[in-house]
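**Q** Pasting in a structure now, in structure tokens, and then I'll have a few things to ask.
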Amino acid sequence: MGKVIVGLAGSHNAGITAYFEDEDKYVVIELERLIGHKNLSWATYNPQFDPFVLTHRIKEYIKKNYGIDKIDVMRSISSDYGGQQLPFLFNIKMLEHNQEKLLPDGSQIAQNIDTGLTSGDGWCAYHHKSHAAGTFYQSPFDDAVVFSYDGGGDDGWFMGYKMDKVSPKDKQMKTILYSFLDVGNPYMYLGYFIHDINYVTDYGQACLVYAGKLMGLAGYGKVRDEWIEPLKDYYHKWDREGYNPVENDAPKFMEELGKETGLDFVYNWDKKSEFYEHAEPTKRLKGDDAADLIATSQRVFEILVFDEIKPLIDEYKTNVCLTGGCAMNILFNSIVKDYVKKEHGKEVYVAPNSSDCGLSTGLVLDYVRPKSPPDFTYAGEDIIDKDKFFSYSDMKNQRFYNNDVQLDQLVENLKNKNIYGLVQGKSEHGPRALGNRSIICIPEMGMKEKLNLKVKHREYYRPFAPIVRLKDVSKYFNWKGQSRHMNYSCTVKDKYHGKLGSIVHADGTARVQTITKRQNRFLYDVLTAMEEHDMIPVLLNTSFNVNGRPILNSYQDAFYMLENSGLDHLIIINEYTKDYGSQFTIKPEFKKNLY
């Protein structure tokens with residue numbers, strides 16, 4: 001029997017990934033999807049559950065569902081809690097953690113002299129090295145420069161690597177950049193002072209939710225040139241030398257930024273308040289000042305990061321991979337993509353799981369270093385309560401109308417502005433819903449507001465993404481080629497702004513997703529049927545999740561959404577259903593509309 005290699009990432013967005021050598025097969029479990037707790041942390045980053053209890057549950061789960069009992073090599077990061085390494089609770093032959101190779105009894109058998117400064121030069125298991133390996137080995141490139149940057153890590157804040165798939169395995173990765181630049185924290189921290197962003201008290205949680213919301217708000221503002229230099233100074237105050245907790249000085253940074261911009265960043269210093277040492281929630285910025293500040297911050301983010309990576313892009317003149325939490329910034333990804341293509345005739349790749357949810361996969365890919373890229377787009381967990389499907393089907397006699405999906409009827413319902421929840425196959429591996437755990441509808445004017453108000457219950461300004469067939473993308477969008485994972489931004493052609501109004505952001509852009517029939521047969525066929533019915537073959541797509549929870553992965557949650565939100569229909573496609581699956585509609589007398 002071949003080796004079983006497992007990666008364990010225990011910080012926020014924790015996950016475990018396994019590779020079965022004899023089958024050349026990967027298994028990915030994002031813990032938030034399994035447990036149902038968004039951004040779940042396993043060990044080192046504000047764990048929401050007892051790490052030891054959770055570890056025993058995961059151990060039993062992977063044995064029951066995947067037959068994983070003995071693990072030849074476990075590679076881990078952020079896996080220690082209470083002075084103990086959680087991997088030792090598994091049946092492992094060897095652990096690789098940071099710079100050490102350890103036996104099950106904790107004795108060291110090898111140590112790598114590589115530090116964070118040179119983490120790409122050896123076998124060590126580190127945060128940014130895992131990001132880089134995870135993205136590069138999913139890419140179609142034989143060689144690339146890879147940049148990993150986010151709000152932290154055990155090997156730095158902003159790293160660069162030269163990578164290839166041709167050299168011997170132990171020579172495929174070389175560190176070429178170690179920077180003190182931290183753009184993740186100063187970018188997100190401004191969210192505390194913006195009225196239109198739902199307030200989050202906990203700093204750790206704010207780090208995970210503010211950045212995406214700010215990127216959406218940036219489209220509503222204008223860059224104020226006079227604010228660019230003050231914001232550059234503000235960003236550089238967060239530069240990290242080692243692990244200096246510069247966020248402790250954030251009030252001073254904000255006071256200085258306020259003096260230079262004329263904005264008032266108000267803190268609450270009342271020790272009796274839950275907002276003590278946080279922005280005063282009743283005195284946050286509104287209107288043009290708020291939107292323009294964030295638009296200018298976005299521009300400064302782009303300037304600083306581009307200045308950091310451009311010399312290396314120009315030196316190596318090869319393909320580029322972007323990864324880490326900051327690679328979720330699709331506006332900047334698009335700038336880099338345009339530059340690399342124009343100046344060097346090369347391509348840019350951003351993985352669907354470039355955030356910390358992909359760290360466990362990166363740990364495994366760094367070990368395996370496959371020559372051909374595995375596709376992790378839909379490599380997540382299958383529905384966890386699948387064995388109960390027939391009990392839900394029995395409920396249809398009392399609570400649901402149910403029929404086999406007919407494309408003609410589905411398209412007619414879409415034309416009438418019905419909203420569908422869609423569950424098919426395995427979950428996406430990554431934070432974007434890419435058609436297997438999605439809410440879909442037509443993108444006409446008014447649907448964005450309806451979704452935000454009645455289904456998603458989120459801030460008004462946050463955009464929705466379009467799905468389009470690859471062969472049609474250049475007809476409706478100023479874009480050429482694939483964009484499988486919603487990682488780039490492009491403009492919508494002027495003549496379609498009206499008819500595609502709910503996926504056109506305030507700045508005229510859209511986070512487009514392209515599909516082929518091979519990638520997602522059902523959605524491809526829906527788009528084709530829309531075209532046959534004289535509709536524009538573009539769908540609005542957003543994540544299928546219960547408010548405040550991760551993308552759902554159970555039928556129980558899907559039916560809850562159908563009953564209690566503004567969804568009109570639920571489609572389930574699995575091995576129990578015929579062809580295009582089963583369509584459920586809640587009977588009016590059971591519709592609660594309380595969600």
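Residue numbers start at 1 in each chain; chains themselves are named A, B, ... in the order of the structure tokens; ligands are numbered from 1 in the order shown.
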Need to verify the contact set: Phe20 in chain A, 9 Å, only C-alpha atoms, exclusion of same-chain residues closer than 4 positions in sequence. Can you return it as a PyMOL selection string?
**A** chain A and resi 2-6+24-27
**Q** Convert the current residue selection to file output with N, CA, C and O atoms, as a short mmCIF file (atom, residue, chain, number, x, y, z; two decimals), in the first residue's frame.
**A**
data_model
loop_
_atom_site.label_atom_id
_atom_site.label_comp_id
_atom_site.auth_asym_id
_atom_site.auth_seq_id
_atom_site.Cartn_x
_atom_site.Cartn_y
_atom_site.Cartn_z
N GLY A 2 0.51 2.23 -0.81
CA GLY A 2 1.29 3.45 -0.91
C GLY A 2 1.15 4.32 0.33
O GLY A 2 0.30 4.09 1.19
N LYS A 3 1.98 5.32 0.39
CA LYS A 3 1.98 6.23 1.53
C LYS A 3 0.70 7.07 1.60
O LYS A 3 0.07 7.35 0.58
N VAL A 4 0.36 7.46 2.82
CA VAL A 4 -0.69 8.44 3.05
C VAL A 4 -0.03 9.69 3.63
O VAL A 4 0.59 9.62 4.70
N ILE A 5 -0.14 10.79 2.92
CA ILE A 5 0.46 12.05 3.32
C ILE A 5 -0.67 12.99 3.73
O ILE A 5 -1.63 13.17 2.97
N VAL A 6 -0.56 13.61 4.89
CA VAL A 6 -1.63 14.46 5.39
C VAL A 6 -1.08 15.84 5.76
O VAL A 6 -0.02 15.94 6.39
N ASP A 24 -3.13 8.09 -6.28
CA ASP A 24 -2.92 9.46 -6.75
C ASP A 24 -4.19 10.29 -6.54
O ASP A 24 -4.69 10.98 -7.42
N LYS A 25 -4.72 10.21 -5.30
CA LYS A 25 -6.00 10.83 -4.97
C LYS A 25 -5.84 11.76 -3.77
O LYS A 25 -5.11 11.47 -2.83
N TYR A 26 -6.58 12.87 -3.84
CA TYR A 26 -6.56 13.85 -2.76
C TYR A 26 -7.93 13.92 -2.08
O TYR A 26 -8.97 13.80 -2.73
N VAL A 27 -7.93 14.15 -0.78
CA VAL A 27 -9.13 14.38 0.00
C VAL A 27 -8.95 15.68 0.76
O VAL A 27 -7.92 15.87 1.42
#
**Q** How would you write, as a list of chain:residue names, the set of residues in range 394-501 of chain A that DSSP gives as strand (DSSP E)?
**A**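 Result set for range 394-501 of chain A (strand (DSSP E)): A:Phe400, A:Tyr401, A:Asn402, A:Asn403, A:Asp404, A:Tyr420, A:Gly421, A:Leu422, A:Val423, A:Gln424, A:Arg437, A:Ser438, A:Ile439, A:Ile440, A:Cys441, A:Ala465, A:Pro466, A:Ile467, A:Val468, A:Arg469, A:Cys490, A:Thr491.
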**Q** Can those selected residues be exported to a file as a PDB file, in the first residue's frame so that it contains C-alpha atoms?
**A**
ATOM      1  CA  PHE A 400     -42.925  20.551  -0.577  1.00  0.00           C
ATOM      2  CA  TYR A 401     -43.907  20.388  -4.192  1.00  0.00           C
ATOM      3  CA  ASN A 402     -41.328  18.292  -6.009  1.00  0.00           C
ATOM      4  CA  ASN A 403     -40.586  17.379  -9.594  1.00  0.00           C
ATOM      5  CA  ASP A 404     -37.699  16.381 -11.806  1.00  0.00           C
ATOM      6  CA  TYR A 420     -32.810  29.065  -7.049  1.00  0.00           C
ATOM      7  CA  GLY A 421     -30.609  27.349  -4.507  1.00  0.00           C
ATOM      8  CA  LEU A 422     -28.386  24.732  -6.116  1.00  0.00           C
ATOM      9  CA  VAL A 423     -26.625  21.777  -4.468  1.00  0.00           C
ATOM     10  CA  GLN A 424     -24.713  19.317  -6.625  1.00  0.00           C
ATOM     11  CA  ARG A 437     -23.203  25.340  -3.652  1.00  0.00           C
ATOM     12  CA  SER A 438     -24.727  28.388  -5.309  1.00  0.00           C
ATOM     13  CA  ILE A 439     -27.734  30.667  -5.370  1.00  0.00           C
ATOM     14  CA  ILE A 440     -28.563  31.623  -8.942  1.00  0.00           C
ATOM     15  CA  CYS A 441     -30.998  33.916 -10.737  1.00  0.00           C
ATOM     16  CA  ALA A 465     -20.766  37.723  -9.694  1.00  0.00           C
ATOM     17  CA  PRO A 466     -21.814  36.495 -13.147  1.00  0.00           C
ATOM     18  CA  ILE A 467     -21.449  33.015 -14.618  1.00  0.00           C
ATOM     19  CA  VAL A 468     -21.036  32.835 -18.390  1.00  0.00           C
ATOM     20  CA  ARG A 469     -19.979  30.173 -20.855  1.00  0.00           C
ATOM     21  CA  CYS A 490     -13.247  43.064 -15.771  1.00  0.00           C
ATOM     22  CA  THR A 491     -15.593  45.686 -17.180  1.00  0.00           C
TER      23      THR A 491
END
**Q** Give the alpha helix (DSSP H) residues of range 165-270 of chain A, as DSSP finds them on the backbone, and put them as an NGL selection string.
**A** :A and (184-189 or 203-218 or 225-236 or 250-261)
**Q** Would you please work out which residue, of A:Tyr560, A:Phe136, A:Tyr580, A:Tyr349, is nearest to Gln482 in chain A when using only C-alpha atoms?
**A** A:Tyr349
